[in-house]
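To keep things clear, I will list the structure first and then write my remarks on it.
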Number of protein chains: 6
Amino acid sequence: MSGLVRYITGQCIRRSVSDIIAETASDIRTMQVRGAGRIARAGASALAIFSESYKGDSLDGFKTDVEAAARILLASRPTAVSLWNGVHASTKDIDLALTMSEARDSVVRNANAFVDMSVKALQAISEIGARTIRNGDVIMTHCNSSAALGVIKKAHDQGKDIKVYATESRPWRQGILTVGELVNAGIDTTLIVDSAVRTVMGRVDVALVGADTIMSNGALVNKIGTSQIALMADEARVRFSVCSETYKFSPMTIFGDEVTIEEREPGEVVSKGEVPDSVKIFNPVFDITPPKYIDGIITELGILSPGSVYDVMIRQFGYRALDSR
Amino acid sequence: MSGLVRYITGQCIRRSVSDIIAETASDIRTMQVRGAGRIARAGASALAIFSESYKGDSLDGFKTDVEAAARILLASRPTAVSLWNGVHASTKDIDLALTMSEARDSVVRNANAFVDMSVKALQAISEIGARTIRNGDVIMTHCNSSAALGVIKKAHDQGKDIKVYATESRPWRQGILTVGELVNAGIDTTLIVDSAVRTVMGRVDVALVGADTIMSNGALVNKIGTSQIALMADEARVRFSVCSETYKFSPMTIFGDEVTIEEREPGEVVSKGEVPDSVKIFNPVFDITPPKYIDGIITELGILSPGSVYDVMIRQFGYRALDSR
Amino acid sequence: MSGLVRYITGQCIRRSVSDIIAETASDIRTMQVRGAGRIARAGASALAIFSESYKGDSLDGFKTDVEAAARILLASRPTAVSLWNGVHASTKDIDLALTMSEARDSVVRNANAFVDMSVKALQAISEIGARTIRNGDVIMTHCNSSAALGVIKKAHDQGKDIKVYATESRPWRQGILTVGELVNAGIDTTLIVDSAVRTVMGRVDVALVGADTIMSNGALVNKIGTSQIALMADEARVRFSVCSETYKFSPMTIFGDEVTIEEREPGEVVSKGEVPDSVKIFNPVFDITPPKYIDGIITELGILSPGSVYDVMIRQFGYRALDSR
Amino acid sequence: MSGLVRYITGQCIRRSVSDIIAETASDIRTMQVRGAGRIARAGASALAIFSESYKGDSLDGFKTDVEAAARILLASRPTAVSLWNGVHASTKDIDLALTMSEARDSVVRNANAFVDMSVKALQAISEIGARTIRNGDVIMTHCNSSAALGVIKKAHDQGKDIKVYATESRPWRQGILTVGELVNAGIDTTLIVDSAVRTVMGRVDVALVGADTIMSNGALVNKIGTSQIALMADEARVRFSVCSETYKFSPMTIFGDEVTIEEREPGEVVSKGEVPDSVKIFNPVFDITPPKYIDGIITELGILSPGSVYDVMIRQFGYRALDSR
Amino acid sequence: MSGLVRYITGQCIRRSVSDIIAETASDIRTMQVRGAGRIARAGASALAIFSESYKGDSLDGFKTDVEAAARILLASRPTAVSLWNGVHASTKDIDLALTMSEARDSVVRNANAFVDMSVKALQAISEIGARTIRNGDVIMTHCNSSAALGVIKKAHDQGKDIKVYATESRPWRQGILTVGELVNAGIDTTLIVDSAVRTVMGRVDVALVGADTIMSNGALVNKIGTSQIALMADEARVRFSVCSETYKFSPMTIFGDEVTIEEREPGEVVSKGEVPDSVKIFNPVFDITPPKYIDGIITELGILSPGSVYDVMIRQFGYRALDSR
Amino acid sequence: MSGLVRYITGQCIRRSVSDIIAETASDIRTMQVRGAGRIARAGASALAIFSESYKGDSLDGFKTDVEAAARILLASRPTAVSLWNGVHASTKDIDLALTMSEARDSVVRNANAFVDMSVKALQAISEIGARTIRNGDVIMTHCNSSAALGVIKKAHDQGKDIKVYATESRPWRQGILTVGELVNAGIDTTLIVDSAVRTVMGRVDVALVGADTIMSNGALVNKIGTSQIALMADEARVRFSVCSETYKFSPMTIFGDEVTIEEREPGEVVSKGEVPDSVKIFNPVFDITPPKYIDGIITELGILSPGSVYDVMIRQFGYRALDSR
């Protein structure tokens, strides 16, 4: 079990299992555990450890305590879609249990299955996505998505002759990281400014991007600029595919919660004094790509239509989990 | 006359009129005279001065000499559309003349008319364009176009309550200049990165851009990123207008000459050492916006459909001038 | 139980439970029970009452009798999608039962659950839909949909500053009701004729309409004019959302039954003698909006893509229920 | 000459030719002369009469006086596009004249030619447009356009078997007039509400509408609802043709003057007391159809692309006339 | 049982049940059993016969042997989507069995159910599809699809007055078969060349095509030319429906396997010597129609959105079956 | 002069100049002179010869006789757009002449100029079009257009590395000619069936087709299948250019004359007995491509927007020539 914990957070050693829920919540809150996948796995693992070492023998008591633990974990990062997914994937069968031990086993089994699937998800997405890349394909990518880059590198590893255009991705210029990563993998890579996307789109065969969140109607929330690329791919009949673990599918959006698009500091766009103070800077982190521009979502559960996102979520949690809101 | 010359170049004093053609060609070639409008006016003025002081009295001799002068001027910047326009606007009636003096007068009159119209063009475009702006309009602009900014500032001067979104316009970031210029004029201005265009397009009423060149089929050649903005305006039913002097209409494109899209230095996109050497940088200066995304072209001759560009050119020069190619 | 009956029909008192199926069928047939929701709940409640008071103890006998009861109910309004949904939602688990009492309990439980969900659906849709409305949003609505107006009023109750454009909705002019209802709720409301939709669409943030029926491929059947608004929203990149209880999803359309679009009296369009007799009047009640123009369907089960409608129906009834056709 | 005046206004008899300019301006101002064509012809005729009876013999004097007369006429209805066209068509060659009599003759000749063309324009449009209608065609029309109905009736007179759908055209319901006019001509005519356009568009072969004004970029200003029909025709690959005399081409729009879209009384949409006072009514008379939805403009000078509108205007008046603004 | 086998292959008589798997695999490999439906039913039937006569009594042994049998069958035509579907539909519940006999029964029951559904699928599709055809409809079809023609003939049998346009479908010209089949059924049928599709599309009410394969994102793989027809239907707002048994839904595409588009012999396009040897011939058999052009997929399980394809597949096999890859 | 005649028809020797009009008309009527260009040049030349040898000296007499000659020529092929263009180009200045000799000279000069331009037009189009082709371009062409193939071969002659996809162009399969012609010129050429256009369009940079006729609104009438290719080019953001001599611009369409789309023999599509007699064959020769899908029209007068076609026609003939209808 502690191996599992270590796997998740990379280094931590815990003295007492009884603290696992509070400590994990604290680690998440203080950003010691970061990244959508890590947070989700930390939440699920904490519930597995908590359940495995649970001492009581009342089914009702166990259910009450697990629900309390889940609430504590969820409160550590209320807007984290992946954490919600990890916690509810762990507890989803608890109502079906007839005995305390059945309930406990279901939590342990589901939590471990979630962690396992989550860990393997990136690898699965790489393999699935790489099969869709043909020899000679020219690929466009945006920002710095592990999932999208995993697909590209896998296709290259398979000996396919590919070429990549990567955008600079202002304001943070994650494209600098992307092109470095790709040429280090031996891939023919060209950097362009974000304004040059339409100029090169005519030569592109497929656009591959990652996801911050997927909404229940199939819309994609991702790095600012993504929706522009999707529109330009659509204009030029270029395939536009999203690479995303399913724990990024947001159950909150089923009930209408908008994905909040964070606006960040002007200082990311201009240096101090570069423009007069009266100039406003609008610096949104994400934008929303409508489902009509998305040809497929490549997940660890296979390639989906945006029209299937709601159903995948319901299949994973059921309407019951959604009632917990 | 020398006043005219001074007006064009701002400072030069010439010793001998006979040198006017060679000196002007040299000034253009060495970039002492720069800018589409300035170059065009310099060429037309040189022909006016040359003709006015012409000593011979043979009509044929004059025509031969003017044609030679025109060739020298055109050779100083063969790709400059505005120079071609200025030179041919000056000589367009020469074949209609029956006497040497008629020919000379036609060159002087046409050259002066061209210079006059050219000087007033920006002002005319500002006034025409400003009439199309309504109180409360939200405007998007790109790069740093004198013509587009002239329209915006004129509309503001008329007391209209407007708001402007300006793009950063990587790699040169001319948007920094634009927002400074606009807030100094007292206009409510917001800077965005190029990737945020689609996010704000839903709030925009009209997109206003300048032109480097207009092609004979109505397509627009302008700063990289322009065509993306046009596409996104079209997607959101936002009016997309181009502000352009007619001397930017390219007669060369009538005969199929592609507008060469210059590719510039990688160093404009990344600093030295910022990315591995094997990363390619594709850095085109312009892109091409198809006529179907252009609602109107605002010129000193009024607001045109892209479908009228060819006709405006033919009306100004006739098929004859085009034969000179 | 009689309380439940009273809830549904509002006033009726029944002498004998044994008459419940025949009486309910009669009430539906004679229009004493009207409205999609009411009809559906009446059918489900009748089956619950019938089952609860069932005297036999043979499983097969019970199943045969329930099926006969279901047939009687369905025959009272064969084209009523919601009735079909209510009846089949009640009987869906009957084949899984191993004993008579299990079968009876499943009908009672499922019927009550359906009634419960149906009653709460409008409220749930209001809350879910209201979360998608932002402060400052301008909303367009059409005709007089309880579900759409519920969303709008809820958003207003939450203190959001919203503005509504409502269409007149000829020929019945239900827009007159709508604008009255909205201004009475204190909402800034503007009435337009149906021809003015495109003119104001540029200022609209979201279009909200109700549903008469949703087809299995995600298409929407709703008040004449709805599909035009959807097209115009699409043209202007405006979000178009449908507010619909899931009992309006039509299982009949799974098997190709077209939704019949009723044509109504000329007298609704012109007064007697207003036009010559030889003028034909075409007066269809509904039109069909293709799924590609629908951004999301707001239901009591959350926000769906049109691509998920078939799956929601199958999940609620299973292929087995569909075989009953 | 007075015959001409009578022709124009139908009944007036003037005492003195010298009053012709003032009287005509007064007739226009007081709405005794109404309708785009009538106003234009009255203006042109007044200039013809004025010129014909002009007593002076100085060319400069005549030009000054004609310009003054033109100004008086234009001031009588400054927003009337057709009046501007009629006046400038009459005076367009005055600067080319070398003698007073040449100038006078040119005004008389051009004014008469304009009147003649204007009178024949509707007939010419009917004939040209009717050739584009095929046997068996189903036509949609909107509002009550003389030009569009002329085309339809002409096609019917030619023995073509046609069928027409006419919209009600709220709020004024001019469709009632249209369907009466068409069935009286023996044409198979069906009236629909404005919301039913998309439902019937699938059966339509061509949509024919009139024009209030045509803008210099080819956009159409016409009765509210026209742009919706154009969009729906475009969606269904149905030909959309505009029937318009060229005197409705607006030179004002060349220089950016927006066509003012009049907003009219709430009382045209709702009866007094029909809705609460706090309900706003937005009742615009016209909307703007973008050129991309227009397949052709049927004029007395033939069938044009919207891309040719600017050129037709320049050909008729020249840049010089435009300078008079 | 042997009756079943005979049904599938039409004539074969087997000596020994023990050979059933090997023989069936051989029949498929050698093309004695051909056609998507036949292959699938042969595979499922072989597993039913194999299981029914299975002698062992160990659950684990049975599962191991059935899996081996499945592998042998699948290897006989690795790219046959329908075979994969038939085999996995038969074995899908095997892991749920607690005893050997439960496992055996589940294979027999599921295999027979699959065969039964498969045999009835075409009939079901005809009936469902025919309901969507209205009296007076004009239908376009392509190539020679049993499912599409079944729908058309059923609609005709129902007394609907329909008219069909059928494409020639070069290079094999299956349209010749199609038009013969349709006129023999008494249907008004017109043959056109493949280039004339857009010309007649304006008169068409619905396009009906078959399917070779449906991909997990809802895209259609079908006879070359299908995607063009879909695009042209979309351009003209004509309904485009696909007729397909669900065993043509490809689970391989869930995991990114591209559907290989076979390129066939030049000799199918040109005769020997008809063109110089240096002319290349590109002769692909299929093309891919994107889901956005598909209004509905008519299956034996009803009419689906392309957005529901993934879910239908998961519902039929579950994620577990997919793991077998 | 007879040299000119010989040039046109290739071989004929005439005995008497006085017969020139009648003989030319006869040659055109009997198809001894064929092809749009040849017919036009024959008509213009006949007028030149007729005028040159004209014996009378009355201006009015000459004009009357030339008009009669023109009528005879036009009657020999009333639907030939190019003949109309050739005849009217020859006579266009006749009304400006003040003397008989001026009139005669203008016909001779204009006729010869027309013949000269017409002969050079194909060469001019090749040169202009070839400039728009870039090294590495992949080109699609349809049918067998001299103008389009001229452009392609010229680009190849300039050393550009190009690749061509040519359609089979059923029913006549002119693609067989096209691919032979192209590979003989040493060009990398691939033949596809007409149904494979969309499959290869993703790899194409520009589509080049010829023209049968260009309509006054910019629409293209050309070989059946052209409009499909234009639509597919538009879908994939591929440039679609039309190669056309301006004598194919149809003045008849200015006044609404539809271009008649000939329907040809069933025998071109199927062999005798290949299909039952009751199968209808619809075999139209041409289709109509709307201007919105045309990026540019490459003519001997340069590259035009479809929006400029009307103006080019008016500039060449003036409204006066059009009045002759």
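Each chain of the structure tokens is named A, B, ... in the order shown, its residues numbered from 1; ligands are numbered from 1 in display order.
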Between chain C and chain D, at 8 Å or less, what are the per-residue closest atom pairs and their distances in Å? Count only C-alpha atoms, order by chain and rising residue number, and return it as a Markdown table.
```
| residue | atom | partner | partner_atom | distance |
| --- | --- | --- | --- | --- |
| C:Ser169 | CA | D:Ser195 | CA | 7.5 |
| C:Arg170 | CA | D:Val193 | CA | 6.5 |
| C:Pro171 | CA | D:Val193 | CA | 6.8 |
| C:Ile176 | CA | D:Val275 | CA | 6.5 |
| C:Val179 | CA | D:Val279 | CA | 6.6 |
| C:Gly180 | CA | D:Val275 | CA | 6.1 |
| C:Val183 | CA | D:Val279 | CA | 6.5 |
| C:Asp188 | CA | D:Val279 | CA | 7.6 |
| C:Thr189 | CA | D:Val279 | CA | 5.7 |
| C:Thr190 | CA | D:Lys280 | CA | 4.4 |
| C:Leu191 | CA | D:Ile281 | CA | 4.9 |
| C:Ile192 | CA | D:Phe282 | CA | 5.5 |
| C:Val193 | CA | D:Arg170 | CA | 6.6 |
| C:Asp194 | CA | D:Ser195 | CA | 6.2 |
| C:Ser195 | CA | D:Gly225 | CA | 4.1 |
| C:Ala196 | CA | D:Gly225 | CA | 6.0 |
| C:Val197 | CA | D:Gln228 | CA | 7.9 |
| C:Arg198 | CA | D:Gln228 | CA | 6.1 |
| C:Thr199 | CA | D:Asp287 | CA | 6.4 |
| C:Ile224 | CA | D:Ser195 | CA | 5.9 |
| C:Gly225 | CA | D:Ser195 | CA | 4.1 |
| C:Thr226 | CA | D:Ser195 | CA | 7.9 |
| C:Ser227 | CA | D:Arg198 | CA | 7.2 |
| C:Gln228 | CA | D:Arg198 | CA | 6.1 |
| C:Leu231 | CA | D:Met232 | CA | 7.9 |
| C:Met232 | CA | D:Gln228 | CA | 7.7 |
| C:Val269 | CA | D:Val193 | CA | 7.2 |
| C:Glu274 | CA | D:Ile176 | CA | 7.5 |
| C:Val275 | CA | D:Gly180 | CA | 6.1 |
| C:Pro276 | CA | D:Gly180 | CA | 6.3 |
| C:Ser278 | CA | D:Val183 | CA | 6.7 |
| C:Val279 | CA | D:Thr189 | CA | 5.7 |
| C:Lys280 | CA | D:Thr190 | CA | 4.4 |
| C:Ile281 | CA | D:Leu191 | CA | 4.9 |
| C:Phe282 | CA | D:Ile192 | CA | 5.5 |
| C:Asn283 | CA | D:Ile192 | CA | 6.4 |
| C:Pro284 | CA | D:Ala196 | CA | 7.4 |
| C:Asp287 | CA | D:Thr199 | CA | 6.4 |
```
Requested in this report: Within 8 Å of region 152-163 of chain C, counting only C-alpha atoms, which residues show up once you throw out same-chain ones fewer than 2 positions away? Write them as an NGL selection string, please.
Outcome: :C and (126-127 or 130-131 or 133-139 or 148-150 or 165 or 182 or 185 or 187-189)
Requested in this report: Tell me, as a list in words, which residues lie within 12 Å of Thr30 (chain F), counting only C-alpha atoms; anything in the same chain fewer than 4 positions away does not count.
Outcome: Glu23, Thr24, Ala25, Ser26, Arg34, Ile39, Ser76 and Arg77 of chain F
Requested in this report: List the neighbours of region 91-96 of chain F out to 12 Å using only C-alpha atoms; skip same-chain residues closer than 2 positions along the sequence, and give me the result as a ChimeraX atom specification.
Outcome: /F:43-48,51,59-60,62-71,84-89,98-114,314-324
Go ahead and write the residues just picked, C-alpha atoms, as a PDB file, in the first residue's frame.
```
ATOM      1  CA  GLY F  43     -17.452  35.707 -87.951  1.00  0.00           C
ATOM      2  CA  ALA F  44     -15.129  38.610 -87.215  1.00  0.00           C
ATOM      3  CA  SER F  45     -12.963  37.886 -90.259  1.00  0.00           C
ATOM      4  CA  ALA F  46     -15.937  37.687 -92.533  1.00  0.00           C
ATOM      5  CA  LEU F  47     -16.976  41.164 -91.415  1.00  0.00           C
ATOM      6  CA  ALA F  48     -13.455  42.467 -91.966  1.00  0.00           C
ATOM      7  CA  SER F  51     -15.983  45.784 -95.051  1.00  0.00           C
ATOM      8  CA  LEU F  59     -22.200  55.868 -94.209  1.00  0.00           C
ATOM      9  CA  ASP F  60     -25.821  54.963 -93.601  1.00  0.00           C
ATOM     10  CA  PHE F  62     -22.637  50.811 -94.932  1.00  0.00           C
ATOM     11  CA  LYS F  63     -24.085  50.662 -91.459  1.00  0.00           C
ATOM     12  CA  THR F  64     -27.271  49.080 -92.745  1.00  0.00           C
ATOM     13  CA  ASP F  65     -25.356  46.522 -94.764  1.00  0.00           C
ATOM     14  CA  VAL F  66     -22.972  45.644 -91.939  1.00  0.00           C
ATOM     15  CA  GLU F  67     -25.888  45.169 -89.576  1.00  0.00           C
ATOM     16  CA  ALA F  68     -27.549  42.870 -92.090  1.00  0.00           C
ATOM     17  CA  ALA F  69     -24.310  40.917 -92.468  1.00  0.00           C
ATOM     18  CA  ALA F  70     -24.022  40.653 -88.700  1.00  0.00           C
ATOM     19  CA  ARG F  71     -27.566  39.312 -88.456  1.00  0.00           C
ATOM     20  CA  TRP F  84     -21.914  36.981 -80.683  1.00  0.00           C
ATOM     21  CA  ASN F  85     -18.771  38.300 -79.057  1.00  0.00           C
ATOM     22  CA  GLY F  86     -16.765  38.226 -82.293  1.00  0.00           C
ATOM     23  CA  VAL F  87     -19.430  39.977 -84.359  1.00  0.00           C
ATOM     24  CA  HIS F  88     -20.155  42.707 -81.817  1.00  0.00           C
ATOM     25  CA  ALA F  89     -16.505  43.296 -81.047  1.00  0.00           C
ATOM     26  CA  LEU F  98     -18.612  60.283 -88.885  1.00  0.00           C
ATOM     27  CA  THR F  99     -17.757  59.066 -92.389  1.00  0.00           C
ATOM     28  CA  MET F 100     -18.088  55.881 -94.351  1.00  0.00           C
ATOM     29  CA  SER F 101     -14.353  55.296 -94.383  1.00  0.00           C
ATOM     30  CA  GLU F 102     -14.069  55.809 -90.653  1.00  0.00           C
ATOM     31  CA  ALA F 103     -16.823  53.250 -90.188  1.00  0.00           C
ATOM     32  CA  ARG F 104     -15.206  50.764 -92.555  1.00  0.00           C
ATOM     33  CA  ASP F 105     -11.819  51.210 -90.944  1.00  0.00           C
ATOM     34  CA  SER F 106     -13.247  50.695 -87.486  1.00  0.00           C
ATOM     35  CA  VAL F 107     -14.821  47.374 -88.462  1.00  0.00           C
ATOM     36  CA  VAL F 108     -11.621  46.151 -90.088  1.00  0.00           C
ATOM     37  CA  ARG F 109      -9.474  47.288 -87.182  1.00  0.00           C
ATOM     38  CA  ASN F 110     -11.739  45.894 -84.493  1.00  0.00           C
ATOM     39  CA  ALA F 111     -12.314  42.608 -86.290  1.00  0.00           C
ATOM     40  CA  ASN F 112      -8.610  42.089 -86.787  1.00  0.00           C
ATOM     41  CA  ALA F 113      -7.906  43.051 -83.218  1.00  0.00           C
ATOM     42  CA  PHE F 114     -10.475  40.559 -82.047  1.00  0.00           C
ATOM     43  CA  ILE F 314     -19.870  46.065 -70.528  1.00  0.00           C
ATOM     44  CA  ARG F 315     -16.403  47.520 -71.080  1.00  0.00           C
ATOM     45  CA  GLN F 316     -15.934  45.458 -74.206  1.00  0.00           C
ATOM     46  CA  PHE F 317     -19.282  46.164 -75.842  1.00  0.00           C
ATOM     47  CA  GLY F 318     -21.062  48.844 -73.944  1.00  0.00           C
ATOM     48  CA  TYR F 319     -24.744  48.935 -73.153  1.00  0.00           C
ATOM     49  CA  ARG F 320     -25.386  49.855 -76.770  1.00  0.00           C
ATOM     50  CA  ALA F 321     -24.339  46.499 -78.198  1.00  0.00           C
ATOM     51  CA  LEU F 322     -26.533  44.829 -75.643  1.00  0.00           C
ATOM     52  CA  ASP F 323     -29.490  46.800 -76.936  1.00  0.00           C
ATOM     53  CA  SER F 324     -29.202  44.926 -80.235  1.00  0.00           C
TER      54      SER F 324
END
```
Query raised in the report: Looking only at the backbone, which of the residues in region 20-215 of chain B does DSSP tag as alpha helix (DSSP H), as a PyMOL selection string?
Result: chain B and resi 20-29+36-52+59-75+81-91+100-131+146-157+174-184+197-201
Query - One-decimal distance in Å that lies between CA of Ser216 (chain A) and CA of Pro251 (chain A) - result: 7.0 Å
Query raised in the report: Got a sec: who's within 10 Å of Gly35 (chain D), counting only C-alpha atoms, leaving out chain neighbours fewer than 6 positions off, as a ChimeraX atom specification?
Result: /D:28,80,82
Export of the given selection (N, CA, C and O atoms) as a short mmCIF file (atom, residue, chain, number, x, y, z; two decimals), in the first residue's frame:
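Below is the file that was written, out05.cif:
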```cif
data_model
loop_
_atom_site.label_atom_id
_atom_site.label_comp_id
_atom_site.auth_asym_id
_atom_site.auth_seq_id
_atom_site.Cartn_x
_atom_site.Cartn_y
_atom_site.Cartn_z
N ILE D 28 -41.87 67.19 -53.16
CA ILE D 28 -41.16 66.04 -52.59
C ILE D 28 -41.17 66.13 -51.07
O ILE D 28 -41.44 65.16 -50.37
N ALA D 80 -32.92 60.36 -49.78
CA ALA D 80 -33.50 59.59 -50.89
C ALA D 80 -32.43 59.26 -51.92
O ALA D 80 -31.97 60.13 -52.67
N SER D 82 -32.68 57.54 -54.62
CA SER D 82 -33.10 57.64 -56.02
C SER D 82 -33.07 59.09 -56.50
O SER D 82 -32.74 59.37 -57.65
#
```
Requested in this report: Would you return as a ChimeraX atom specification the members of region 95-269 of chain F that DSSP assigns to strand (DSSP E or B) on this structure's backbone?
Outcome: /F:138-141,163-167,188-192,206-209,213-214,220-223,239-243,249,263
Query raised in the report: Within 6 Å of Leu208 (chain D), counting only C-alpha atoms, which residues qualify if same-chain residues fewer than 3 places away don't, as a ChimeraX atom specification?
Result: /D:141,148,241-242
Export, as a PDB file, in the first residue's frame, the selected residues with N, CA, C and O atoms.
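again38.pdb, written as the output of this step:
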```
ATOM      1  N   THR D 141     -41.404  34.622 -52.196  1.00  0.00           N
ATOM      2  CA  THR D 141     -41.197  36.064 -52.177  1.00  0.00           C
ATOM      3  C   THR D 141     -41.576  36.603 -50.804  1.00  0.00           C
ATOM      4  O   THR D 141     -42.197  35.911 -49.992  1.00  0.00           O
ATOM      5  N   ALA D 148     -40.265  42.365 -57.905  1.00  0.00           N
ATOM      6  CA  ALA D 148     -40.307  40.904 -57.789  1.00  0.00           C
ATOM      7  C   ALA D 148     -41.626  40.359 -58.318  1.00  0.00           C
ATOM      8  O   ALA D 148     -41.655  39.357 -59.048  1.00  0.00           O
ATOM      9  N   SER D 241     -32.380  35.895 -55.653  1.00  0.00           N
ATOM     10  CA  SER D 241     -32.185  37.001 -56.591  1.00  0.00           C
ATOM     11  C   SER D 241     -32.906  38.247 -56.111  1.00  0.00           C
ATOM     12  O   SER D 241     -34.018  38.173 -55.590  1.00  0.00           O
ATOM     13  N   VAL D 242     -32.257  39.373 -56.313  1.00  0.00           N
ATOM     14  CA  VAL D 242     -32.806  40.661 -55.922  1.00  0.00           C
ATOM     15  C   VAL D 242     -33.250  41.402 -57.184  1.00  0.00           C
ATOM     16  O   VAL D 242     -32.511  41.444 -58.161  1.00  0.00           O
TER      17      VAL D 242
END
```
Query raised in the report: What separation in Å, quoted to one decimal, exists between CA of Asp295 (chain B) and CA of Lys292 (chain F)?
Result: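 Separation of CA of Asp295 (chain B) and CA of Lys292 (chain F): 13.7 Å.
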